[in-house]
file work.cif (mmCIF, C-alpha atoms and all ligand atoms)
data_upload
#
loop_
_atom_site.label_atom_id
_atom_site.label_comp_id
_atom_site.auth_asym_id
_atom_site.auth_seq_id
_atom_site.Cartn_x
_atom_site.Cartn_y
_atom_site.Cartn_z
CA MET A 10 -19.11 -7.59 -14.83
CA ASN A 11 -16.04 -7.27 -17.05
CA ASN A 12 -13.57 -9.98 -17.98
CA PHE A 13 -10.63 -10.25 -15.61
CA ASN A 14 -7.46 -12.19 -14.73
CA TYR A 15 -6.93 -13.06 -11.09
CA TRP A 16 -3.62 -14.60 -10.05
CA THR A 17 -2.55 -14.91 -6.43
CA PRO A 18 0.38 -17.31 -6.30
CA THR A 19 1.42 -16.38 -2.75
CA LYS A 20 1.20 -19.14 -0.19
CA VAL A 21 -0.19 -17.68 3.04
CA ILE A 22 0.73 -19.06 6.45
CA PHE A 23 -1.52 -17.22 8.85
CA GLY A 24 -1.90 -17.23 12.62
CA LYS A 25 -0.17 -17.52 15.96
CA ASP A 26 3.45 -18.78 15.80
CA ALA A 27 3.34 -18.80 11.96
CA GLU A 28 6.89 -17.45 11.82
CA LYS A 29 8.22 -20.71 13.28
CA GLN A 30 7.66 -22.25 9.84
CA THR A 31 9.90 -19.74 8.05
CA GLY A 32 12.99 -21.97 7.84
CA ALA A 33 11.01 -24.83 6.35
CA LEU A 34 9.28 -22.50 3.88
CA VAL A 35 12.61 -21.10 2.68
CA LYS A 36 14.10 -24.58 2.44
CA ALA A 37 11.25 -25.64 0.16
CA GLN A 38 12.41 -22.91 -2.26
CA ASN A 39 15.61 -24.88 -2.93
CA CYS A 40 17.82 -21.83 -2.69
CA LYS A 41 21.55 -21.66 -1.96
CA LYS A 42 21.81 -18.38 -0.11
CA VAL A 43 19.25 -16.01 1.35
CA LEU A 44 19.29 -12.26 1.87
CA VAL A 45 17.41 -11.49 5.09
CA HIS A 46 16.20 -7.92 4.60
CA PHE A 47 14.73 -5.88 7.44
CA GLY A 48 13.94 -2.37 8.66
CA GLY A 49 15.17 0.17 11.13
CA GLY A 50 14.96 -1.74 14.38
CA SER A 51 11.56 -3.13 15.35
CA ALA A 52 12.32 -6.68 14.18
CA LYS A 53 15.57 -6.64 16.14
CA ARG A 54 14.01 -5.16 19.27
CA SER A 55 11.17 -7.67 19.36
CA GLY A 56 13.54 -10.61 18.96
CA LEU A 57 11.78 -11.62 15.71
CA LEU A 58 14.93 -11.31 13.61
CA ASP A 59 16.86 -13.65 15.92
CA ARG A 60 14.01 -16.16 15.82
CA ILE A 61 13.92 -16.05 12.02
CA CYS A 62 17.71 -16.53 11.82
CA ASP A 63 17.46 -19.47 14.25
CA SER A 64 14.75 -20.98 12.09
CA LEU A 65 17.02 -20.67 9.01
CA LYS A 66 19.98 -22.15 10.91
CA ALA A 67 17.85 -25.08 12.02
CA GLU A 68 17.33 -25.91 8.34
CA HIS A 69 21.06 -25.33 7.56
CA ILE A 70 20.26 -22.41 5.25
CA ASP A 71 23.08 -19.98 4.52
CA TYR A 72 22.13 -16.28 4.74
CA VAL A 73 23.39 -12.69 4.81
CA LEU A 74 21.69 -9.79 6.58
CA LEU A 75 20.83 -6.33 5.28
CA GLY A 76 18.85 -4.02 7.57
CA GLY A 77 18.13 -0.30 7.58
CA VAL A 78 15.07 -0.05 5.33
CA VAL A 79 13.14 3.11 6.21
CA PRO A 80 9.48 3.96 5.49
CA ASN A 81 9.31 5.25 1.91
CA PRO A 82 12.23 2.90 1.15
CA ARG A 83 15.26 4.42 -0.52
CA LEU A 84 16.89 3.60 -3.83
CA SER A 85 20.39 3.85 -2.32
CA LEU A 86 19.76 0.84 -0.05
CA VAL A 87 18.22 -1.05 -2.97
CA ARG A 88 21.45 -0.50 -4.89
CA GLU A 89 23.47 -1.64 -1.87
CA GLY A 90 21.29 -4.76 -1.68
CA ILE A 91 21.77 -5.55 -5.36
CA ALA A 92 25.56 -5.33 -5.00
CA LEU A 93 25.49 -7.49 -1.86
CA CYS A 94 23.33 -10.17 -3.50
CA LYS A 95 25.62 -10.32 -6.53
CA LYS A 96 28.74 -10.54 -4.36
CA GLU A 97 27.29 -13.22 -2.07
CA GLY A 98 25.50 -15.28 -4.72
CA VAL A 99 22.10 -14.72 -3.12
CA ASP A 100 19.23 -16.49 -4.88
CA PHE A 101 16.32 -15.85 -2.49
CA ILE A 102 15.23 -12.75 -0.53
CA LEU A 103 13.40 -12.97 2.76
CA ALA A 104 11.74 -9.70 3.77
CA VAL A 105 11.11 -9.39 7.52
CA GLY A 106 9.03 -6.27 8.11
CA GLY A 107 6.36 -4.13 6.50
CA GLY A 108 5.58 -2.81 3.05
CA SER A 109 8.79 -0.80 2.94
CA VAL A 110 11.01 -3.82 3.56
CA LEU A 111 8.98 -5.88 1.11
CA ASP A 112 9.15 -3.23 -1.59
CA SER A 113 12.88 -2.82 -1.10
CA ALA A 114 13.28 -6.61 -1.32
CA LYS A 115 11.33 -6.76 -4.58
CA ALA A 116 13.36 -3.89 -6.06
CA ILE A 117 16.61 -5.65 -5.13
CA GLY A 118 15.19 -8.79 -6.73
CA TYR A 119 14.51 -6.93 -9.98
CA GLY A 120 17.92 -5.28 -9.94
CA VAL A 121 19.90 -8.50 -9.43
CA VAL A 122 18.53 -10.20 -12.54
CA THR A 123 18.23 -7.13 -14.81
CA GLU A 124 21.06 -5.42 -16.68
CA GLY A 125 21.55 -1.68 -16.13
CA ASP A 126 20.19 0.69 -13.52
CA VAL A 127 17.28 -0.60 -11.43
CA TRP A 128 15.70 2.90 -11.30
CA ASP A 129 15.02 2.67 -15.03
CA ILE A 130 12.53 -0.09 -14.20
CA PHE A 131 10.65 2.30 -11.91
CA LEU A 132 10.75 4.98 -14.61
CA LYS A 133 9.31 2.33 -16.95
CA LYS A 134 12.19 2.79 -19.37
CA VAL A 135 13.26 -0.83 -18.99
CA GLU A 136 11.34 -4.08 -18.50
CA PRO A 137 12.85 -6.24 -15.77
CA ALA A 138 14.20 -9.62 -16.90
CA GLY A 139 12.50 -11.14 -13.85
CA CYS A 140 12.92 -10.95 -10.09
CA LEU A 141 14.75 -13.06 -7.54
CA PRO A 142 12.12 -15.01 -5.59
CA VAL A 143 10.94 -13.14 -2.50
CA GLY A 144 9.25 -14.45 0.64
CA SER A 145 7.98 -12.38 3.54
CA VAL A 146 7.41 -12.36 7.28
CA LEU A 147 4.96 -9.50 7.69
CA THR A 148 5.03 -7.27 10.77
CA ILE A 149 2.46 -4.60 9.89
CA ALA A 150 -0.94 -4.80 8.22
CA ALA A 151 -0.99 -1.95 5.73
CA ALA A 152 0.57 -1.86 2.28
CA GLY A 153 -0.55 -5.30 1.13
CA SER A 154 2.78 -5.80 -0.62
CA GLU A 155 2.88 -9.38 0.70
CA MET A 156 0.28 -10.34 -1.92
CA SER A 157 0.41 -7.45 -4.38
CA ASP A 158 2.42 -7.17 -7.58
CA SER A 159 3.83 -3.76 -6.62
CA SER A 160 6.97 -2.18 -5.28
CA VAL A 161 7.24 1.52 -4.43
CA ILE A 162 10.69 3.12 -4.09
CA THR A 163 11.90 6.65 -3.35
CA ASN A 164 14.88 8.03 -5.23
CA GLU A 165 16.69 10.49 -2.94
CA ASP A 166 18.05 12.21 -6.04
CA GLY A 167 15.07 14.48 -6.75
CA TRP A 168 12.91 12.80 -4.05
CA LEU A 169 10.77 10.98 -6.56
CA LYS A 170 8.56 8.19 -5.24
CA ARG A 171 7.64 5.76 -7.99
CA GLY A 172 5.97 2.37 -8.16
CA TYR A 173 6.44 -0.60 -10.43
CA SER A 174 3.96 -3.47 -10.76
CA SER A 175 4.57 -6.87 -12.31
CA ASP A 176 3.66 -10.47 -11.54
CA TYR A 177 7.39 -11.12 -11.13
CA GLY A 178 7.13 -9.19 -7.88
CA ARG A 179 4.58 -11.43 -6.19
CA CYS A 180 5.85 -13.14 -3.05
CA ARG A 181 6.34 -16.91 -2.99
CA PHE A 182 4.99 -16.98 0.54
CA ALA A 183 3.72 -14.62 3.22
CA VAL A 184 4.04 -15.51 6.88
CA MET A 185 1.41 -13.59 8.82
CA ASN A 186 1.17 -13.77 12.57
CA PRO A 187 -1.17 -11.02 13.80
CA GLU A 188 0.58 -11.14 17.19
CA LEU A 189 3.67 -9.62 15.55
CA THR A 190 1.68 -6.44 14.83
CA ALA A 191 0.82 -5.87 18.50
CA THR A 192 4.02 -3.83 19.03
CA LEU A 193 2.91 -1.19 16.52
CA ASP A 194 2.00 2.20 17.94
CA GLU A 195 -1.44 3.68 17.31
CA TRP A 196 -0.22 5.95 14.50
CA GLN A 197 1.24 3.09 12.43
CA THR A 198 -1.70 0.79 13.21
CA MET A 199 -4.25 3.36 12.06
CA SER A 200 -2.20 4.49 9.06
CA GLY A 201 -2.19 0.83 8.06
CA CYS A 202 -5.97 0.56 8.47
CA THR A 203 -6.41 3.65 6.30
CA ASP A 204 -4.16 2.26 3.58
CA ILE A 205 -6.12 -1.01 3.56
CA ILE A 206 -9.44 0.82 3.17
CA MET A 207 -7.92 2.96 0.46
CA HIS A 208 -6.68 0.00 -1.59
CA THR A 209 -10.30 -1.12 -1.70
CA LEU A 210 -11.69 2.33 -2.46
CA GLU A 211 -9.22 2.88 -5.29
CA ARG A 212 -10.72 -0.20 -6.96
CA TYR A 213 -14.30 0.73 -6.00
CA PHE A 214 -14.21 3.99 -7.93
CA TYR A 215 -13.85 3.01 -11.56
CA PRO A 216 -15.27 4.87 -14.58
CA ALA A 217 -18.93 3.77 -14.84
CA HIS A 218 -18.88 3.51 -18.64
CA GLU A 219 -16.09 0.91 -18.53
CA VAL A 220 -18.01 -1.70 -16.55
CA SER A 221 -21.25 -3.26 -17.62
CA GLY A 222 -23.89 -4.64 -15.26
CA GLU A 223 -24.01 -4.86 -11.50
CA ASN A 224 -20.96 -6.50 -9.93
CA MET A 225 -22.60 -7.54 -6.69
CA ILE A 226 -20.01 -10.12 -5.67
CA THR A 227 -17.05 -7.73 -5.92
CA ASP A 228 -18.97 -4.78 -4.48
CA SER A 229 -20.12 -6.72 -1.46
CA ILE A 230 -16.63 -8.10 -0.79
CA ALA A 231 -15.26 -4.55 -1.01
CA GLU A 232 -17.94 -3.03 1.22
CA GLY A 233 -17.65 -5.88 3.74
CA LEU A 234 -13.89 -5.48 3.84
CA ILE A 235 -14.15 -1.74 4.51
CA LYS A 236 -16.72 -2.32 7.27
CA THR A 237 -14.47 -4.98 8.82
CA VAL A 238 -11.50 -2.63 8.95
CA ILE A 239 -13.57 0.24 10.37
CA LYS A 240 -15.06 -1.92 13.12
CA ASN A 241 -11.78 -3.54 14.11
CA ALA A 242 -9.74 -0.32 13.94
CA LEU A 243 -12.14 1.12 16.51
CA ILE A 244 -11.67 -1.98 18.69
CA LEU A 245 -7.87 -1.55 18.49
CA LYS A 246 -8.17 2.09 19.55
CA ASP A 247 -9.34 0.91 22.95
CA LYS A 248 -7.68 -2.50 23.03
CA PRO A 249 -4.49 -2.34 20.93
CA LYS A 250 -3.50 -5.91 21.82
CA ASP A 251 -6.82 -7.50 20.77
CA TYR A 252 -5.70 -10.54 18.77
CA ASN A 253 -8.88 -11.07 16.82
CA ALA A 254 -9.12 -7.45 15.72
CA ARG A 255 -5.47 -7.54 14.61
CA ALA A 256 -6.14 -10.80 12.73
CA GLN A 257 -9.20 -9.39 10.95
CA ILE A 258 -7.25 -6.33 9.86
CA MET A 259 -4.18 -8.28 8.80
CA TRP A 260 -6.13 -10.58 6.49
CA ALA A 261 -8.14 -7.64 5.17
CA GLY A 262 -4.83 -5.96 4.35
CA SER A 263 -3.81 -8.79 2.03
CA LEU A 264 -7.22 -9.20 0.43
CA SER A 265 -7.55 -5.48 -0.20
CA HIS A 266 -4.47 -5.45 -2.41
CA ASN A 267 -4.25 -8.86 -4.07
CA GLY A 268 -6.79 -7.89 -6.73
CA LEU A 269 -9.84 -9.55 -5.15
CA THR A 270 -11.71 -6.32 -4.47
CA GLY A 271 -11.41 -5.24 -8.10
CA CYS A 272 -12.30 -8.42 -10.01
CA GLY A 273 -14.53 -7.51 -12.93
CA ASN A 274 -14.30 -3.77 -12.27
CA GLY A 275 -11.18 -2.94 -14.26
CA THR A 276 -8.05 -1.51 -12.71
CA GLY A 277 -9.68 1.21 -10.60
CA ASP A 278 -8.83 4.84 -10.03
CA TRP A 279 -5.59 5.18 -7.97
CA ALA A 280 -5.52 9.00 -8.09
CA THR A 281 -5.46 9.28 -4.28
CA HIS A 282 -2.37 7.08 -4.22
CA GLN A 283 -0.64 9.10 -6.94
CA ILE A 284 -1.46 12.35 -5.15
CA GLU A 285 -0.12 10.94 -1.86
CA HIS A 286 3.03 9.49 -3.41
CA GLU A 287 4.17 13.01 -4.38
CA LEU A 288 3.62 14.18 -0.80
CA GLY A 289 5.50 11.10 0.43
CA GLY A 290 8.40 11.91 -1.89
CA MET A 291 8.53 15.58 -0.87
CA PHE A 292 7.84 15.32 2.88
CA ASP A 293 8.59 11.68 3.79
CA ILE A 294 5.17 11.28 5.44
CA THR A 295 3.51 8.05 6.57
CA HIS A 296 1.73 6.65 3.52
CA GLY A 297 -1.65 5.73 5.08
CA ALA A 298 -1.94 9.02 6.96
CA GLY A 299 -1.13 10.89 3.76
CA LEU A 300 -3.98 9.08 2.01
CA ALA A 301 -6.41 10.11 4.77
CA ALA A 302 -5.20 13.69 4.39
CA VAL A 303 -6.07 13.91 0.69
CA TRP A 304 -8.93 11.45 0.11
CA GLY A 305 -11.78 13.80 1.11
CA SER A 306 -10.45 16.55 -1.16
CA TRP A 307 -10.20 14.11 -4.06
CA ALA A 308 -13.68 12.70 -3.35
CA ARG A 309 -15.41 16.10 -3.21
CA TYR A 310 -13.66 17.13 -6.43
CA VAL A 311 -14.73 14.07 -8.42
CA TYR A 312 -17.98 12.73 -6.92
CA LYS A 313 -20.21 14.48 -9.47
CA GLU A 314 -18.88 12.15 -12.17
CA ASN A 315 -21.05 9.43 -10.63
CA PRO A 316 -22.80 10.46 -7.39
CA GLU A 317 -24.68 7.16 -7.36
CA ARG A 318 -21.43 5.26 -6.79
CA PHE A 319 -20.50 7.43 -3.80
CA ALA A 320 -24.09 7.10 -2.56
CA GLN A 321 -23.80 3.29 -2.71
CA LEU A 322 -20.69 3.45 -0.53
CA ALA A 323 -22.52 5.78 1.88
CA ARG A 324 -25.56 3.52 2.12
CA ASN A 325 -23.83 0.13 2.27
CA VAL A 326 -20.88 1.04 4.47
CA PHE A 327 -22.18 3.85 6.65
CA GLY A 328 -25.92 3.10 6.62
CA ILE A 329 -26.80 6.53 5.27
CA SER A 330 -30.46 6.38 4.30
CA ASP A 331 -30.73 9.55 2.21
CA THR A 332 -32.53 8.73 -1.04
CA ASP A 333 -31.05 11.71 -2.87
CA SER A 334 -27.78 10.42 -4.35
CA GLU A 335 -25.91 13.75 -4.24
CA LYS A 336 -26.78 14.27 -0.59
CA ALA A 337 -25.97 10.66 0.29
CA ALA A 338 -22.66 10.91 -1.58
CA LEU A 339 -21.57 13.98 0.38
CA LYS A 340 -22.70 12.48 3.68
CA GLY A 341 -20.70 9.34 2.88
CA ILE A 342 -17.55 11.37 2.22
CA GLU A 343 -18.08 13.15 5.52
CA ALA A 344 -18.66 9.84 7.31
CA MET A 345 -15.38 8.46 5.96
CA GLU A 346 -13.54 11.57 7.12
CA ASN A 347 -15.22 11.35 10.53
CA PHE A 348 -13.98 7.78 10.79
CA PHE A 349 -10.43 8.98 9.98
CA ARG A 350 -10.77 11.64 12.69
CA SER A 351 -11.98 9.03 15.18
CA ILE A 352 -8.76 7.03 14.68
CA ASN A 353 -6.63 10.19 14.88
CA MET A 354 -5.78 10.32 11.20
CA PRO A 355 -5.39 13.72 9.51
CA VAL A 356 -8.04 14.84 7.03
CA SER A 357 -5.89 17.61 5.55
CA VAL A 358 -2.22 18.16 4.82
CA LYS A 359 -2.21 20.99 7.37
CA GLU A 360 -3.21 18.45 10.02
CA MET A 361 0.09 16.70 9.21
CA ASN A 362 1.83 19.93 10.29
CA ILE A 363 2.70 20.82 6.70
CA ASP A 364 1.84 24.29 5.42
CA LEU A 365 1.94 23.88 1.67
CA THR A 366 3.12 26.96 -0.23
CA GLU A 367 1.77 27.85 -3.68
CA GLU A 368 5.11 26.87 -5.15
CA GLN A 369 5.08 23.48 -3.44
CA ILE A 370 1.53 22.83 -4.66
CA GLU A 371 2.62 23.58 -8.22
CA THR A 372 5.63 21.28 -7.88
CA LEU A 373 3.50 18.46 -6.45
CA ALA A 374 0.93 18.77 -9.24
CA PHE A 375 3.65 19.02 -11.89
CA LYS A 376 5.41 15.88 -10.65
CA CYS A 377 2.14 14.00 -10.16
CA CYS A 378 1.08 14.43 -13.79
CA PHE A 379 4.62 13.52 -14.92
CA GLU A 380 5.37 17.08 -16.02
CA LYS A 381 1.96 17.36 -17.74
CA LYS A 382 2.57 14.19 -19.75
CA ARG A 383 -0.14 12.03 -18.18
CA LEU A 384 -3.61 12.22 -16.70
CA VAL A 385 -4.08 10.80 -13.20
CA GLY A 386 -6.92 8.51 -12.11
CA SER A 387 -9.80 7.05 -14.11
CA PHE A 388 -13.06 7.76 -12.22
CA ARG A 389 -12.35 11.28 -13.36
CA LYS A 390 -9.15 11.82 -15.31
CA LEU A 391 -7.16 14.59 -13.65
CA GLY A 392 -4.77 16.99 -15.34
CA TYR A 393 -2.36 19.53 -13.88
CA GLU A 394 -5.04 22.14 -13.04
CA ASP A 395 -7.29 19.52 -11.40
CA LEU A 396 -4.37 18.35 -9.28
CA ILE A 397 -3.60 21.92 -8.25
CA ALA A 398 -7.22 22.29 -7.10
CA ILE A 399 -7.11 19.03 -5.11
CA TYR A 400 -3.76 19.81 -3.45
CA LYS A 401 -5.09 23.30 -2.60
CA ALA A 402 -8.24 21.86 -1.04
CA ALA A 403 -6.20 19.30 0.89
CA ALA A 404 -3.76 21.95 2.10
CA LYS A 405 -6.37 23.65 4.31
O1 LIG B 1 11.74 -0.05 10.35
P1 LIG B 1 11.12 -0.61 11.57
O2 LIG B 1 11.93 -0.40 12.79
O3 LIG B 1 10.69 -2.03 11.41
O4 LIG B 1 9.79 0.28 11.85
C1 LIG B 1 8.65 0.23 11.03
C2 LIG B 1 8.39 1.57 10.33
O5 LIG B 1 8.91 2.62 11.09
C3 LIG B 1 7.44 0.08 11.90
N1 LIG B 1 7.06 -1.29 12.17
C4 LIG B 1 6.78 -2.27 11.26
N2 LIG B 1 6.37 -3.37 11.90
C5 LIG B 1 6.41 -3.09 13.24
C6 LIG B 1 6.86 -1.77 13.40
N3 LIG B 1 6.99 -1.20 14.62
C7 LIG B 1 6.67 -1.95 15.69
N4 LIG B 1 6.22 -3.21 15.60
C8 LIG B 1 6.07 -3.81 14.39
N5 LIG B 1 5.59 -5.06 14.33
O6 LIG B 1 6.38 0.68 11.19
C9 LIG B 1 6.89 1.71 10.37
C10 LIG B 1 6.23 1.61 9.00
O7 LIG B 1 6.69 0.46 8.31
P2 LIG B 1 6.48 0.37 6.73
O8 LIG B 1 7.07 -0.90 6.27
O9 LIG B 1 6.95 1.63 6.11
O10 LIG B 1 4.87 0.33 6.65
P3 LIG B 1 3.89 -0.02 5.51
O11 LIG B 1 3.64 -1.47 5.46
O12 LIG B 1 2.76 0.90 5.68
O13 LIG B 1 4.66 0.34 4.16
C11 LIG B 1 4.64 1.63 3.62
C12 LIG B 1 5.30 1.65 2.27
O14 LIG B 1 4.62 0.78 1.36
C13 LIG B 1 4.30 1.51 0.16
C14 LIG B 1 4.09 2.89 0.67
O15 LIG B 1 4.11 3.85 -0.35
C15 LIG B 1 5.24 3.03 1.65
O16 LIG B 1 6.43 3.34 0.98
N6 LIG B 1 3.18 0.87 -0.52
C16 LIG B 1 3.41 -0.30 -1.12
C17 LIG B 1 2.43 -0.97 -1.82
C18 LIG B 1 2.69 -2.25 -2.49
N7 LIG B 1 3.95 -2.65 -2.59
O17 LIG B 1 1.78 -2.92 -2.99
C19 LIG B 1 1.08 -0.42 -1.95
C20 LIG B 1 0.79 0.71 -1.02
O18 LIG B 1 -0.23 1.49 -1.59
C21 LIG B 1 1.93 1.57 -0.70
O19 LIG B 1 2.14 2.58 -1.69
ZN ZN B 2 -1.44 2.26 -0.28
#

call {"tool": "encode", "arguments": {"input": "work.cif", "output": "structure tokens", "more": "lines below"}}
Ligand code: NZQ
Ligand code: ZN
result
Amino acid sequence: MNNFNYWTPTKVIFGKDAEKQTGALVKAQNCKKVLVHFGGGSAKRSGLLDRICDSLKAEHIDYVLLGGVVPNPRLSLVREGIALCKKEGVDFILAVGGGSVLDSAKAIGYGVVTEGDVWDIFLKKVEPAGCLPVGSVLTIAAAGSEMSDSSVITNEDGWLKRGYSSDYGRCRFAVMNPELTATLDEWQTMSGCTDIIMHTLERYFYPAHEVSGENMITDSIAEGLIKTVIKNALILKDKPKDYNARAQIMWAGSLSHNGLTGCGNGTGDWATHQIEHELGGMFDITHGAGLAAVWGSWARYVYKENPERFAQLARNVFGISDTDSEKAALKGIEAMENFFRSINMPVSVKEMNIDLTEEQIETLAFKCCFEKKRLVGSFRKLGYEDLIAIYKAAAK
């Protein structure tokens, strides 16, 4: 087990009716004016937004509203939010929605306190001076942004999707009522489940030489978390309103991306996410589904680096008994893809109704390796040609 830092400052209020506490939670932040940030309509339709505003009014908290965040949240709205916060003297941001709303809120928070163009932070040209404090009322279990240090934004100018991670971006609190996720359709629910599994897998596949000794505690948390999501996703397929299954998945979503599943294993791989982010930038696809579409192609390309690690996943998560590690590894990859199929997730880009051309594959690979200036992933470090091969395999 390697040395590690683990910091999760987010206060979690979890369970039925949790959102009723929002006003009191915001009040405890001692802020003067709040930006209530939300998405394209679901929070309005469900009445959640009104209930949150009532809860703020009950505590005599002044607020302004900014809606319209879309999945793969856009830089233009972030800029609008920064200008609004400066004009209105906002000193706290309340994100009501999913990962996209949260990420947009964090980006606004960075932009308000940092001189210059906020996009430079995402290009890592500028260090943010800090971030306005952000709190969240989560409506979808997926991205894990409610407890992560990340924000991922899409710049419409060039359709670049880029992430920025910093402890400044960790939420002060996360209100999580699993009942709020019951209005999600199957596609969003299952994309979320896929993303949660993938945040754990990205940390599970680290370069073997970088970690010494068995890390049983972290491995068993990771494997248990993946099994939990698989079991409860299958329950939701038949019973989408099942409270307990939604609760299991929602908490798994936070734990999968607050660092817990990587403690002592280094930072992880993250190639699947980088590969998907380029597809998200180019085609505006649903993030979790995009991960399902490329993971198998990544896994088959890299598993020979350490077949034993893939075999461990196969044995401990899918009960594959094959003693030969190579065979077990491949069966485990197939089992994961079969699970994706069973929840109607795509296992190729073509299954997302996208026929990638040669030229598009080259562009994706070129952007993904930052114009050949970086290698992607760590389990196996991938260059431009490797990325071409993975995008090609995923295209079929
Ligand atoms: O905009 P509304 O109308 O709210 O609709 C949303 C959106 O269309 C809808 N939705 C959310 N809650 C709902 C609901 N519909 C009905 N009932 C509800 N209760 O679901 C759709 C997806 O919402 P979104 O916020 O985009 O989902 P998610 O949480 O999956 O976030 C995806 C974004 O997060 C980024 C992704 O790249 C993507 O841009 N990620 C952020 C991470 C982070 N900050 O740590 C890590 C992830 O790996 C990921 O990259
Ligand atoms: Zn993700």

call {"tool": "closest_residue", "arguments": {"input": "work.cif", "among": "A:Lys115, A:His296, A:His266, A:Lys170", "to": "Val143 (chain A)", "atoms": "all atoms listed in the file"}}
result
A:Lys115

call {"tool": "residues_near_point", "arguments": {"input": "work.cif", "point": "(-6.4, 18.6, 1.2)", "cutoff": "6 Å", "atoms": "only C-alpha atoms", "output": "list in words"}}
result
Ala302, Val303, Ser306, Ser357, Val358, Tyr400, Ala402, Ala403, Ala404 and Lys405 of chain A

call {"tool": "closest_residue", "arguments": {"input": "work.cif", "among": "A:Gly125, A:Gly201, A:Gly32, A:Gly167", "to": "ligand LIG 1 (chain B)", "atoms": "all atoms listed in the file"}}
result
A:Gly201

call {"tool": "closest_residue", "arguments": {"input": "work.cif", "among": "A:Gly297, A:Gly50, A:Gly271, A:Pro82", "to": "Glu165 (chain A)", "atoms": "all atoms listed in the file"}}
result
A:Pro82

call {"tool": "closest_residue", "arguments": {"input": "work.cif", "among": "A:Lys401, A:Lys359, A:Asp194, A:Ser109", "to": "Glu371 (chain A)", "atoms": "only C-alpha atoms"}}
result
A:Lys401

call {"tool": "residues_around", "arguments": {"input": "work.cif", "residues": "Ile61 (chain A)", "least_positions_apart": "3", "cutoff": "10 Å", "atoms": "only C-alpha atoms", "output": "ChimeraX atom specification"}}
result
/A:28-32,45,52,56-58,64-67,103,105,146

call {"tool": "write_last_selection", "arguments": {"input": "work.cif", "atoms": "C-alpha atoms", "output": "JSON list (two decimals), in the frame of the given file"}}
result
[["chain", "number", "residue", "atom", "x", "y", "z"],
["A", 28, "GLU", "CA", 6.89, -17.45, 11.82],
["A", 29, "LYS", "CA", 8.22, -20.71, 13.28],
["A", 30, "GLN", "CA", 7.66, -22.25, 9.84],
["A", 31, "THR", "CA", 9.90, -19.74, 8.05],
["A", 32, "GLY", "CA", 12.99, -21.97, 7.84],
["A", 45, "VAL", "CA", 17.41, -11.49, 5.09],
["A", 52, "ALA", "CA", 12.32, -6.68, 14.18],
["A", 56, "GLY", "CA", 13.54, -10.61, 18.96],
["A", 57, "LEU", "CA", 11.78, -11.62, 15.71],
["A", 58, "LEU", "CA", 14.93, -11.31, 13.61],
["A", 64, "SER", "CA", 14.75, -20.98, 12.09],
["A", 65, "LEU", "CA", 17.02, -20.67, 9.01],
["A", 66, "LYS", "CA", 19.98, -22.15, 10.91],
["A", 67, "ALA", "CA", 17.85, -25.08, 12.02],
["A", 103, "LEU", "CA", 13.40, -12.97, 2.76],
["A", 105, "VAL", "CA", 11.11, -9.39, 7.52],
["A", 146, "VAL", "CA", 7.41, -12.36, 7.28]]

call {"tool": "residues_around", "arguments": {"input": "work.cif", "residues": "region 225-241 of chain A", "least_positions_apart": "5", "cutoff": "10 Å", "atoms": "all atoms listed in the file", "output": "number ranges by chain"}}
result
A: 10, 199, 201-203, 205-210, 212-213, 246, 248, 251, 253-262, 264-265, 269-274, 321-323, 325-327, 345, 348-349, 352

call {"tool": "closest_residue", "arguments": {"input": "work.cif", "among": "A:Ile244, A:Ala280, A:Leu300, A:Leu132", "to": "Cys377 (chain A)", "atoms": "all atoms listed in the file"}}
result
A:Ala280

call {"tool": "closest_residue", "arguments": {"input": "work.cif", "among": "A:Pro187, A:Gly106, A:Gly90, A:Gly268", "to": "Tyr15 (chain A)", "atoms": "all atoms listed in the file"}}
result
A:Gly268

call {"tool": "atom_distance", "arguments": {"input": "work.cif", "atom1": "CA of Gly144 (chain A)", "atom2": "CA of Pro249 (chain A)"}}
result
27.3 Å

call {"tool": "atom_distance", "arguments": {"input": "work.cif", "atom1": "CA of Asp126 (chain A)", "atom2": "CA of Asp100 (chain A)"}}
result
19.3 Å

call {"tool": "residues_near_ligand", "arguments": {"input": "work.cif", "ligand": "ligand LIG 1 (chain B)", "cutoff": "6 Å", "atoms": "all atoms listed in the file", "output": "short mmCIF file (atom, residue, chain, number, x, y, z; two decimals) with C-alpha atoms, keeping the file's coordinate frame"}}
result
data_model
loop_
_atom_site.label_atom_id
_atom_site.label_comp_id
_atom_site.auth_asym_id
_atom_site.auth_seq_id
_atom_site.Cartn_x
_atom_site.Cartn_y
_atom_site.Cartn_z
CA GLY A 48 13.94 -2.37 8.66
CA GLY A 49 15.17 0.17 11.13
CA GLY A 50 14.96 -1.74 14.38
CA SER A 51 11.56 -3.13 15.35
CA ALA A 52 12.32 -6.68 14.18
CA VAL A 79 13.14 3.11 6.21
CA PRO A 80 9.48 3.96 5.49
CA ASN A 81 9.31 5.25 1.91
CA PRO A 82 12.23 2.90 1.15
CA GLY A 106 9.03 -6.27 8.11
CA GLY A 107 6.36 -4.13 6.50
CA GLY A 108 5.58 -2.81 3.05
CA SER A 109 8.79 -0.80 2.94
CA VAL A 110 11.01 -3.82 3.56
CA ASP A 112 9.15 -3.23 -1.59
CA THR A 148 5.03 -7.27 10.77
CA ILE A 149 2.46 -4.60 9.89
CA ALA A 151 -0.99 -1.95 5.73
CA ALA A 152 0.57 -1.86 2.28
CA GLY A 153 -0.55 -5.30 1.13
CA SER A 154 2.78 -5.80 -0.62
CA SER A 157 0.41 -7.45 -4.38
CA SER A 159 3.83 -3.76 -6.62
CA SER A 160 6.97 -2.18 -5.28
CA VAL A 161 7.24 1.52 -4.43
CA LEU A 189 3.67 -9.62 15.55
CA THR A 190 1.68 -6.44 14.83
CA THR A 192 4.02 -3.83 19.03
CA LEU A 193 2.91 -1.19 16.52
CA GLN A 197 1.24 3.09 12.43
CA GLY A 201 -2.19 0.83 8.06
CA HIS A 296 1.73 6.65 3.52
#
